[in-house]
>>> print(open('structure_36.txt').read())   # compact mmCIF, C-alpha atoms
# COMPACT_ATOMS: atom_id res chain seq x y z
CA MET A 1 -112.95 90.62 -102.10
CA THR A 2 -111.92 91.54 -105.64
CA THR A 3 -111.63 88.54 -107.94
CA THR A 4 -109.11 88.74 -110.76
CA LEU A 5 -108.16 86.57 -113.72
CA VAL A 6 -104.69 86.88 -115.24
CA THR A 7 -104.19 85.02 -118.52
CA GLY A 8 -100.83 83.50 -119.45
CA ALA A 9 -99.83 83.71 -115.81
CA ASN A 10 -97.66 80.70 -115.08
CA LYS A 11 -94.47 82.72 -115.74
CA GLY A 12 -93.09 86.15 -116.60
CA LEU A 13 -95.20 89.27 -116.33
CA GLY A 14 -98.38 87.30 -115.78
CA ARG A 15 -97.00 85.42 -112.80
CA GLU A 16 -95.54 88.59 -111.26
CA THR A 17 -98.84 90.41 -111.78
CA ALA A 18 -100.70 87.57 -110.07
CA ARG A 19 -98.23 87.63 -107.17
CA ARG A 20 -98.59 91.37 -106.70
CA LEU A 21 -102.39 91.34 -106.88
CA LEU A 22 -102.55 88.53 -104.35
CA ALA A 23 -100.44 90.71 -102.06
CA GLU A 24 -102.98 93.50 -102.59
CA GLY A 25 -105.72 91.23 -101.31
CA HIS A 26 -107.21 90.06 -104.59
CA SER A 27 -108.47 86.52 -105.07
CA VAL A 28 -106.55 85.59 -108.22
CA TYR A 29 -107.23 83.01 -110.88
CA LEU A 30 -104.00 82.09 -112.59
CA GLY A 31 -104.89 81.21 -116.18
CA ALA A 32 -102.45 79.02 -118.09
CA ARG A 33 -102.55 76.83 -121.18
CA ASP A 34 -100.26 74.19 -119.66
CA ALA A 35 -102.14 72.59 -116.77
CA GLU A 36 -99.10 71.18 -114.99
CA ARG A 37 -97.14 74.43 -115.05
CA GLY A 38 -100.21 76.45 -114.24
CA ARG A 39 -101.16 74.38 -111.21
CA ARG A 40 -97.59 74.45 -109.91
CA ALA A 41 -97.39 78.24 -110.23
CA ALA A 42 -100.79 78.69 -108.62
CA GLU A 43 -99.82 76.48 -105.67
CA GLU A 44 -96.55 78.36 -105.20
CA LEU A 45 -98.31 81.73 -105.20
CA GLY A 46 -101.49 80.79 -103.36
CA ALA A 47 -103.69 81.51 -106.37
CA ARG A 48 -106.47 79.46 -107.93
CA PHE A 49 -105.64 77.72 -111.19
CA VAL A 50 -107.90 77.70 -114.22
CA GLN A 51 -106.89 75.97 -117.45
CA LEU A 52 -107.16 78.55 -120.20
CA ASP A 53 -105.92 78.50 -123.78
CA VAL A 54 -107.01 81.84 -125.19
CA THR A 55 -107.00 80.43 -128.75
CA ASP A 56 -109.39 77.58 -127.87
CA PRO A 57 -113.09 78.56 -127.66
CA GLU A 58 -113.98 75.50 -125.58
CA SER A 59 -111.20 76.21 -123.10
CA VAL A 60 -112.28 79.85 -122.76
CA ALA A 61 -115.94 78.91 -122.31
CA ALA A 62 -115.07 76.31 -119.69
CA ALA A 63 -112.93 78.81 -117.76
CA ALA A 64 -115.74 81.38 -117.80
CA LYS A 65 -118.22 78.77 -116.59
CA THR A 66 -115.90 77.72 -113.75
CA ILE A 67 -115.26 81.27 -112.57
CA GLU A 68 -118.94 82.17 -112.81
CA ALA A 69 -119.89 79.14 -110.71
CA GLU A 70 -117.33 80.13 -108.08
CA GLY A 71 -118.61 83.67 -107.66
CA GLY A 72 -117.82 85.83 -110.68
CA LEU A 73 -115.10 88.22 -111.82
CA ASP A 74 -114.13 91.83 -111.18
CA VAL A 75 -110.80 92.28 -112.99
CA LEU A 76 -109.53 90.73 -116.21
CA VAL A 77 -105.86 91.05 -117.14
CA ASN A 78 -105.35 90.01 -120.77
CA ASN A 79 -101.68 89.15 -120.49
CA ALA A 80 -101.29 86.05 -122.70
CA GLY A 81 -99.23 86.89 -125.77
CA VAL A 82 -96.50 85.78 -128.15
CA GLU A 83 -93.86 87.62 -130.15
CA GLY A 84 -93.00 84.93 -132.67
CA ARG A 85 -89.23 85.03 -132.53
CA LEU A 86 -87.14 82.48 -134.39
CA PRO A 87 -85.53 79.62 -132.39
CA ASP A 88 -82.24 81.54 -132.33
CA GLY A 89 -83.96 84.63 -130.97
CA GLY A 90 -84.04 86.44 -134.29
CA ILE A 91 -86.94 88.63 -135.38
CA VAL A 92 -88.81 87.94 -138.62
CA GLY A 93 -88.63 91.08 -140.73
CA ALA A 94 -90.74 92.36 -143.59
CA ALA A 95 -88.85 90.37 -146.24
CA ASP A 96 -89.70 87.05 -144.61
CA VAL A 97 -93.01 87.59 -142.86
CA THR A 98 -95.91 85.57 -144.21
CA ALA A 99 -99.66 85.71 -143.76
CA ALA A 100 -99.44 82.40 -141.90
CA SER A 101 -96.87 83.67 -139.40
CA MET A 102 -98.87 86.84 -138.81
CA ARG A 103 -102.05 84.85 -138.37
CA GLU A 104 -100.39 82.78 -135.64
CA LEU A 105 -99.57 85.88 -133.60
CA PHE A 106 -102.97 87.45 -134.17
CA GLU A 107 -104.67 84.24 -132.98
CA THR A 108 -103.17 84.73 -129.53
CA ASN A 109 -102.53 88.47 -129.23
CA VAL A 110 -105.74 89.77 -130.80
CA PHE A 111 -108.36 87.10 -131.47
CA GLY A 112 -107.56 85.34 -128.20
CA LEU A 113 -107.84 88.60 -126.27
CA VAL A 114 -111.20 89.37 -127.88
CA GLN A 115 -112.42 85.81 -127.29
CA VAL A 116 -111.57 85.96 -123.59
CA THR A 117 -112.97 89.45 -123.11
CA HIS A 118 -116.23 88.52 -124.85
CA ALA A 119 -116.62 85.37 -122.74
CA PHE A 120 -116.12 87.22 -119.46
CA LEU A 121 -118.15 90.34 -120.29
CA PRO A 122 -121.33 89.00 -118.65
CA LEU A 123 -119.41 88.43 -115.41
CA LEU A 124 -117.66 91.79 -115.54
CA LEU A 125 -120.95 93.60 -116.15
CA ARG A 126 -122.28 92.14 -112.90
CA SER A 127 -119.33 93.51 -110.92
CA ALA A 128 -119.58 96.78 -109.03
CA THR A 129 -116.03 97.75 -110.05
CA PRO A 130 -115.13 95.96 -113.30
CA VAL A 131 -111.69 96.51 -114.83
CA VAL A 132 -109.94 95.16 -117.93
CA VAL A 133 -106.21 95.60 -118.52
CA ASN A 134 -104.90 94.73 -121.98
CA ILE A 135 -101.15 94.21 -122.32
CA SER A 136 -99.95 96.16 -125.33
CA SER A 137 -96.44 97.33 -126.26
CA GLY A 138 -94.52 100.46 -127.10
CA LEU A 139 -93.91 98.76 -130.43
CA SER A 140 -97.59 99.32 -131.24
CA ARG A 141 -97.03 103.07 -131.65
CA THR A 142 -96.87 103.80 -135.37
CA SER A 143 -95.43 107.25 -134.82
CA ALA A 144 -92.53 105.79 -132.82
CA LEU A 145 -91.62 103.11 -135.36
CA ALA A 146 -91.86 105.66 -138.19
CA ASP A 147 -89.45 108.07 -136.46
CA PRO A 148 -85.81 107.13 -137.26
CA ALA A 149 -84.68 108.91 -134.11
CA HIS A 150 -86.97 106.98 -131.78
CA PRO A 151 -85.39 104.16 -129.70
CA VAL A 152 -87.83 101.53 -131.02
CA ALA A 153 -87.41 102.43 -134.71
CA PHE A 154 -84.74 99.72 -135.09
CA TYR A 155 -87.31 96.94 -134.59
CA PRO A 156 -87.75 95.09 -137.92
CA GLY A 157 -90.70 92.85 -137.05
CA VAL A 158 -94.11 93.26 -138.64
CA ALA A 159 -96.46 90.80 -136.95
CA TYR A 160 -95.93 91.70 -133.29
CA PRO A 161 -96.25 95.50 -133.63
CA ALA A 162 -99.28 95.06 -135.89
CA SER A 163 -100.96 92.73 -133.40
CA LYS A 164 -100.38 95.12 -130.51
CA ALA A 165 -101.66 98.06 -132.57
CA ALA A 166 -104.81 96.00 -133.05
CA VAL A 167 -104.98 95.46 -129.27
CA ASN A 168 -104.96 99.24 -128.84
CA MET A 169 -107.87 99.66 -131.24
CA VAL A 170 -109.81 96.88 -129.53
CA THR A 171 -109.20 98.64 -126.21
CA VAL A 172 -110.56 101.95 -127.44
CA GLN A 173 -113.66 100.46 -129.05
CA PHE A 174 -114.52 98.25 -126.07
CA ALA A 175 -114.02 101.16 -123.68
CA LYS A 176 -116.52 103.23 -125.66
CA ALA A 177 -119.00 100.38 -125.87
CA PHE A 178 -118.86 99.55 -122.16
CA PRO A 179 -118.45 102.84 -120.25
CA GLY A 180 -119.15 101.12 -116.94
CA ILE A 181 -115.99 99.03 -117.26
CA ARG A 182 -112.54 100.61 -116.89
CA ILE A 183 -110.73 99.25 -119.97
CA ASN A 184 -107.14 100.32 -120.65
CA ALA A 185 -104.06 99.19 -122.55
CA VAL A 186 -100.64 99.26 -120.92
CA GLU A 187 -97.02 99.25 -122.06
CA PRO A 188 -94.95 97.27 -119.53
CA GLY A 189 -91.64 98.20 -121.15
CA TYR A 190 -88.87 95.98 -122.52
CA THR A 191 -88.95 93.28 -119.87
CA ARG A 192 -86.79 90.17 -119.62
CA THR A 193 -89.16 87.27 -120.29
CA ASP A 194 -89.29 84.11 -122.35
CA LEU A 195 -91.36 86.03 -124.90
CA ASN A 196 -88.27 87.95 -126.06
CA HIS A 197 -85.74 85.23 -125.19
CA ASN A 198 -84.87 87.20 -122.05
CA THR A 199 -83.31 90.05 -123.99
CA GLY A 200 -85.28 92.74 -122.17
CA THR A 201 -83.61 95.48 -120.16
CA GLN A 202 -85.85 95.50 -117.08
CA THR A 203 -87.10 92.99 -114.52
CA VAL A 204 -90.57 91.47 -114.34
CA GLU A 205 -91.07 93.42 -111.11
CA GLU A 206 -90.52 96.65 -113.05
CA GLY A 207 -92.61 95.52 -115.98
CA ALA A 208 -95.57 94.46 -113.87
CA GLU A 209 -95.79 97.84 -112.11
CA ILE A 210 -98.13 99.50 -114.64
CA ILE A 211 -100.20 96.34 -115.07
CA VAL A 212 -100.85 96.11 -111.34
CA ARG A 213 -101.45 99.84 -111.04
CA MET A 214 -104.17 99.76 -113.70
CA ALA A 215 -105.70 96.55 -112.31
CA LEU A 216 -106.21 98.39 -109.02
CA ILE A 217 -108.03 101.44 -110.36
CA GLY A 218 -111.49 102.25 -109.05
CA PRO A 219 -114.71 103.23 -110.84
CA ASP A 220 -113.48 106.81 -111.21
CA GLY A 221 -110.25 105.72 -112.88
CA PRO A 222 -109.36 106.31 -116.53
CA THR A 223 -110.74 104.24 -119.38
CA GLY A 224 -109.88 103.93 -123.05
CA THR A 225 -106.27 104.98 -122.46
CA PHE A 226 -102.78 103.68 -123.22
CA ARG A 227 -100.24 104.08 -120.42
CA ASP A 228 -96.81 103.17 -119.11
CA VAL A 229 -95.36 103.81 -115.66
CA ASN A 230 -94.85 107.47 -116.50
CA GLY A 231 -98.39 108.19 -117.58
CA PRO A 232 -100.54 108.35 -120.73
CA LEU A 233 -98.99 107.51 -124.11
CA SER A 234 -100.02 108.55 -127.59
CA TRP A 235 -101.35 105.73 -129.73
>>> encode(input="structure_36.txt", output="structure tokens")
Amino acid sequence: MTTTLVTGANKGLGRETARRLLAEGHSVYLGARDAERGRRAAEELGARFVQLDVTDPESVAAAAKTIEAEGGLDVLVNNAGVEGRLPDGGIVGAADVTAASMRELFETNVFGLVQVTHAFLPLLLRSATPVVVNISSGLSRTSALADPAHPVAFYPGVAYPASKAAVNMVTVQFAKAFPGIRINAVEPGYTRTDLNHNTGTQTVEEGAEIIVRMALIGPDGPTGTFRDVNGPLSW
């Protein structure tokens, strides 16, 4: 049986991804920072809960030790992420962004992703069919944000697009370094979740489609790519 860890999975895209992969026959660890919410979601779905705060080295190490002791890991879905919106749902633009606010997003979206991936690499390298799926965003595409005619060009934020662009680079470099692991970044689309104060235009079922699809690829599948439901995307 394929064993999968989904980070940030007690709600939103992570929870839907866990649900779908369970339906595909995976044994799923539902990783969540909040133990109460995580356990409740895992019980409701029939998943296994593991406490995991991607920004906390001790939490990540403990999760890796637990999963190793229980048999190992085949698929890692790096879903945990934050956008950093204001309490009223507003987006912090270039005039107001600070190094501190950017650092907060990078701690979760980039450094947390790297920390988790590094911790689970030994387990993935023991798997016959290891896969890593990194959740990126269409907002990471510099060419799109620089094109006034592109639908995402309106987005004023700095920290979130920059963090997801970094995720893309991490994906490429890890894919080159570990050719035996299928490592890809995905763009779920503008999905209604708490991350964006539920302003998205599609459902979590729609958003999870590409995540699940790439989590299910075999050893002959693509690696080092960036994709949405329609296929490969330019960086």
>>> atom_distance(input="structure_36.txt", atom1="atom CA of A:Ala42", atom2="atom CA of A:Ala62")
18.2 Å
>>> atom_distance(input="structure_36.txt", atom1="atom CA of A:Ala63", atom2="atom CA of A:Phe49")
9.9 Å
>>> residues_around(input="structure_36.txt", residues="stretch 90-95 of chain A", least_positions_apart="3", cutoff="8 Å", atoms="all atoms listed in the file", output="list in words")
Gly84, Arg85, Leu86, Pro87, Pro156, Gly157 and Val158 of chain A
>>> closest_atom_pairs(input="structure_36.txt", of="stretch 113-148 of chain A", to="stretch 99-106 of chain A", cutoff="12 Å", atoms="all atoms listed in the file", output="Markdown table")
| residue | atom | partner | partner_atom | distance |
| --- | --- | --- | --- | --- |
| A:Leu113 | CA | A:Phe106 | CA | 9.4 |
| A:Val114 | CA | A:Phe106 | CA | 10.5 |
| A:Gln115 | CA | A:Phe106 | CA | 11.8 |
>>> closest_residue(input="structure_36.txt", among="A:Gly112, A:Gly72, A:Pro57, A:Pro219", to="A:Pro130", atoms="only C-alpha atoms")
A:Pro219
>>> atom_distance(input="structure_36.txt", atom1="atom CA of A:Met214", atom2="atom CA of A:Thr55")
24.7 Å
>>> residues_around(input="structure_36.txt", residues="A:Thr2", least_positions_apart="5", cutoff="8 Å", atoms="only C-alpha atoms", output="PyMOL selection string")
chain A and resi 25-27+73-75
>>> write_last_selection(input="structure_36.txt", atoms="C-alpha atoms", output="mmCIF file, keeping the file's coordinate frame")
data_model
loop_
_atom_site.group_PDB
_atom_site.id
_atom_site.type_symbol
_atom_site.label_atom_id
_atom_site.label_comp_id
_atom_site.auth_asym_id
_atom_site.auth_seq_id
_atom_site.Cartn_x
_atom_site.Cartn_y
_atom_site.Cartn_z
ATOM 1 C CA GLY A 25 -105.720 91.230 -101.310
ATOM 2 C CA HIS A 26 -107.210 90.060 -104.590
ATOM 3 C CA SER A 27 -108.470 86.520 -105.070
ATOM 4 C CA LEU A 73 -115.100 88.220 -111.820
ATOM 5 C CA ASP A 74 -114.130 91.830 -111.180
ATOM 6 C CA VAL A 75 -110.800 92.280 -112.990
#
>>> decode(input="structure_36.txt", residues="stretch 205-220 of chain A", atoms="N, CA, C and O atoms", output="PDB file, in the first residue's frame")
ATOM      1  N   GLU A 205     -12.740  20.655  -4.403  1.00  0.00           N
ATOM      2  CA  GLU A 205     -12.731  19.454  -5.245  1.00  0.00           C
ATOM      3  C   GLU A 205     -12.023  19.748  -6.569  1.00  0.00           C
ATOM      4  O   GLU A 205     -11.227  18.938  -7.059  1.00  0.00           O
ATOM      5  N   GLU A 206     -12.309  20.906  -7.136  1.00  0.00           N
ATOM      6  CA  GLU A 206     -11.642  21.292  -8.388  1.00  0.00           C
ATOM      7  C   GLU A 206     -10.168  21.582  -8.154  1.00  0.00           C
ATOM      8  O   GLU A 206      -9.306  21.181  -8.943  1.00  0.00           O
ATOM      9  N   GLY A 207      -9.873  22.277  -7.072  1.00  0.00           N
ATOM     10  CA  GLY A 207      -8.489  22.633  -6.800  1.00  0.00           C
ATOM     11  C   GLY A 207      -7.602  21.443  -6.502  1.00  0.00           C
ATOM     12  O   GLY A 207      -6.414  21.433  -6.861  1.00  0.00           O
ATOM     13  N   ALA A 208      -8.157  20.439  -5.854  1.00  0.00           N
ATOM     14  CA  ALA A 208      -7.358  19.268  -5.473  1.00  0.00           C
ATOM     15  C   ALA A 208      -7.066  18.347  -6.644  1.00  0.00           C
ATOM     16  O   ALA A 208      -6.205  17.465  -6.535  1.00  0.00           O
ATOM     17  N   GLU A 209      -7.754  18.529  -7.753  1.00  0.00           N
ATOM     18  CA  GLU A 209      -7.626  17.601  -8.887  1.00  0.00           C
ATOM     19  C   GLU A 209      -6.176  17.422  -9.328  1.00  0.00           C
ATOM     20  O   GLU A 209      -5.692  16.293  -9.463  1.00  0.00           O
ATOM     21  N   ILE A 210      -5.446  18.509  -9.558  1.00  0.00           N
ATOM     22  CA  ILE A 210      -4.069  18.394 -10.053  1.00  0.00           C
ATOM     23  C   ILE A 210      -3.142  17.873  -8.962  1.00  0.00           C
ATOM     24  O   ILE A 210      -2.164  17.165  -9.251  1.00  0.00           O
ATOM     25  N   ILE A 211      -3.436  18.197  -7.706  1.00  0.00           N
ATOM     26  CA  ILE A 211      -2.601  17.692  -6.611  1.00  0.00           C
ATOM     27  C   ILE A 211      -2.686  16.174  -6.557  1.00  0.00           C
ATOM     28  O   ILE A 211      -1.671  15.471  -6.502  1.00  0.00           O
ATOM     29  N   VAL A 212      -3.912  15.668  -6.585  1.00  0.00           N
ATOM     30  CA  VAL A 212      -4.134  14.223  -6.528  1.00  0.00           C
ATOM     31  C   VAL A 212      -3.537  13.542  -7.756  1.00  0.00           C
ATOM     32  O   VAL A 212      -2.874  12.504  -7.646  1.00  0.00           O
ATOM     33  N   ARG A 213      -3.753  14.134  -8.901  1.00  0.00           N
ATOM     34  CA  ARG A 213      -3.235  13.550 -10.149  1.00  0.00           C
ATOM     35  C   ARG A 213      -1.716  13.370 -10.078  1.00  0.00           C
ATOM     36  O   ARG A 213      -1.177  12.316 -10.445  1.00  0.00           O
ATOM     37  N   MET A 214      -1.019  14.384  -9.581  1.00  0.00           N
ATOM     38  CA  MET A 214       0.439  14.294  -9.522  1.00  0.00           C
ATOM     39  C   MET A 214       0.920  13.420  -8.368  1.00  0.00           C
ATOM     40  O   MET A 214       2.028  12.862  -8.421  1.00  0.00           O
ATOM     41  N   ALA A 215       0.108  13.283  -7.326  1.00  0.00           N
ATOM     42  CA  ALA A 215       0.468  12.374  -6.230  1.00  0.00           C
ATOM     43  C   ALA A 215       0.375  10.915  -6.666  1.00  0.00           C
ATOM     44  O   ALA A 215       1.005  10.040  -6.064  1.00  0.00           O
ATOM     45  N   LEU A 216      -0.390  10.662  -7.714  1.00  0.00           N
ATOM     46  CA  LEU A 216      -0.625   9.292  -8.176  1.00  0.00           C
ATOM     47  C   LEU A 216       0.301   8.855  -9.305  1.00  0.00           C
ATOM     48  O   LEU A 216       0.201   7.723  -9.773  1.00  0.00           O
ATOM     49  N   ILE A 217       1.206   9.727  -9.734  1.00  0.00           N
ATOM     50  CA  ILE A 217       2.060   9.344 -10.863  1.00  0.00           C
ATOM     51  C   ILE A 217       3.007   8.207 -10.475  1.00  0.00           C
ATOM     52  O   ILE A 217       3.378   8.049  -9.315  1.00  0.00           O
ATOM     53  N   GLY A 218       3.407   7.443 -11.478  1.00  0.00           N
ATOM     54  CA  GLY A 218       4.327   6.334 -11.262  1.00  0.00           C
ATOM     55  C   GLY A 218       5.761   6.730 -11.524  1.00  0.00           C
ATOM     56  O   GLY A 218       6.071   7.902 -11.805  1.00  0.00           O
ATOM     57  N   PRO A 219       6.678   5.759 -11.477  1.00  0.00           N
ATOM     58  CA  PRO A 219       8.107   6.040 -11.665  1.00  0.00           C
ATOM     59  C   PRO A 219       8.466   6.579 -13.039  1.00  0.00           C
ATOM     60  O   PRO A 219       9.549   7.151 -13.209  1.00  0.00           O
ATOM     61  N   ASP A 220       7.585   6.410 -14.014  1.00  0.00           N
ATOM     62  CA  ASP A 220       7.833   6.945 -15.352  1.00  0.00           C
ATOM     63  C   ASP A 220       7.176   8.300 -15.564  1.00  0.00           C
ATOM     64  O   ASP A 220       7.208   8.855 -16.671  1.00  0.00           O
TER      65      ASP A 220
END
